[in-house]
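A short worksheet on the structure shown next.
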Amino acid sequence: MAVLPELIHSTPQGGTVHTYQLTGGKRLFQRYLGCYLGSCKFCNNIEEATEYIRNKQGS
């Protein structure tokens, strides 16, 4: 059974950051998914994901 993404941060404007586990071969990777208004990006850490949302909300 696949593990579902877990919401770890949201902004008042509707941006979200989810933690997401991905498998690659025999390894398990922890990634962060930053989304705002349907535009999403997988990031390596929470700081990168929140910066992505901040930039999208500002434009």
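Letters A, B, ... mark the chains of the structure tokens in the order given; residue numbers begin at 1 per chain; ligand numbers begin at 1, in order shown.
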Could you pull out all residues of chain A with a DSSP call of alpha helix (DSSP H) and give them as a list of chain:residue names? A:Ile46, A:Glu47, A:Glu48, A:Ala49, A:Thr50, A:Glu51, A:Tyr52, A:Ile53, A:Arg54, A:Asn55, A:Lys56, A:Gln57, A:Gly58
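The neighbours of A:Arg54 here are the residues that come within 12 Å of it, using only C-alpha atoms and leaving out any residue fewer than 4 positions away in the same chain; they are Ser10, Thr11, Pro12, Gln13, Gly14, Gly15, Thr16, Val17, Gly34, Cys35, Tyr36, Glu47, Glu48, Ala49, Thr50, Gly58 and Ser59 of chain A.
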From the set A:Tyr20, A:Tyr52, A:Phe29, A:Phe42, which residue has the shortest atom-to-atom contact distance to A:Pro5, counting only C-alpha atoms?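 Counting only C-alpha atoms, the residue closest to A:Pro5 is A:Tyr20.
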Atom CA of A:Asn55 to atom CA of A:Gly24, straight-line distance in Å: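 Computing the Euclidean distance for atom CA of A:Gly24 and atom CA of A:Asn55 yields 29.0 Å.
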How many Å separate atom CA of A:Gly38 from atom CA of A:Leu4?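 Result for atom CA of A:Gly38 versus atom CA of A:Leu4: 18.2 Å, one decimal.
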Could you go through stretch 12-55 of chain A and tell me which residues DSSP, when run on the backbone, assigns to strand (DSSP E), listing them as a ChimeraX atom specification? /A:16-24,27-36,39-43
Just C-alpha atoms for this one: save the residues we selected as a CSV table (one decimal), in the first residue's frame.
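In the end it all went to out36.csv:
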```
chain,number,residue,atom,x,y,z
A,16,THR,CA,0.6,24.0,0.5
A,17,VAL,CA,3.7,21.9,1.3
A,18,HIS,CA,3.3,18.1,1.6
A,19,THR,CA,6.0,15.6,2.5
A,20,TYR,CA,6.1,12.7,0.1
A,21,GLN,CA,7.9,9.4,0.1
A,22,LEU,CA,9.2,8.2,-3.3
A,23,THR,CA,11.0,4.9,-4.1
A,24,GLY,CA,13.9,4.7,-6.4
A,27,ARG,CA,16.0,3.4,-1.8
A,28,LEU,CA,13.3,5.4,-0.2
A,29,PHE,CA,13.5,9.2,-0.8
A,30,GLN,CA,11.8,11.9,1.3
A,31,ARG,CA,10.7,14.8,-0.9
A,32,TYR,CA,8.5,17.9,-0.4
A,33,LEU,CA,5.8,19.0,-2.8
A,34,GLY,CA,5.1,22.7,-2.9
A,35,CYS,CA,1.9,23.7,-4.6
A,36,TYR,CA,0.0,27.0,-5.4
A,39,SER,CA,1.4,24.7,-10.0
A,40,CYS,CA,3.5,22.1,-8.1
A,41,LYS,CA,7.2,21.3,-7.7
A,42,PHE,CA,9.0,18.4,-6.0
A,43,CYS,CA,11.8,19.8,-3.8
```
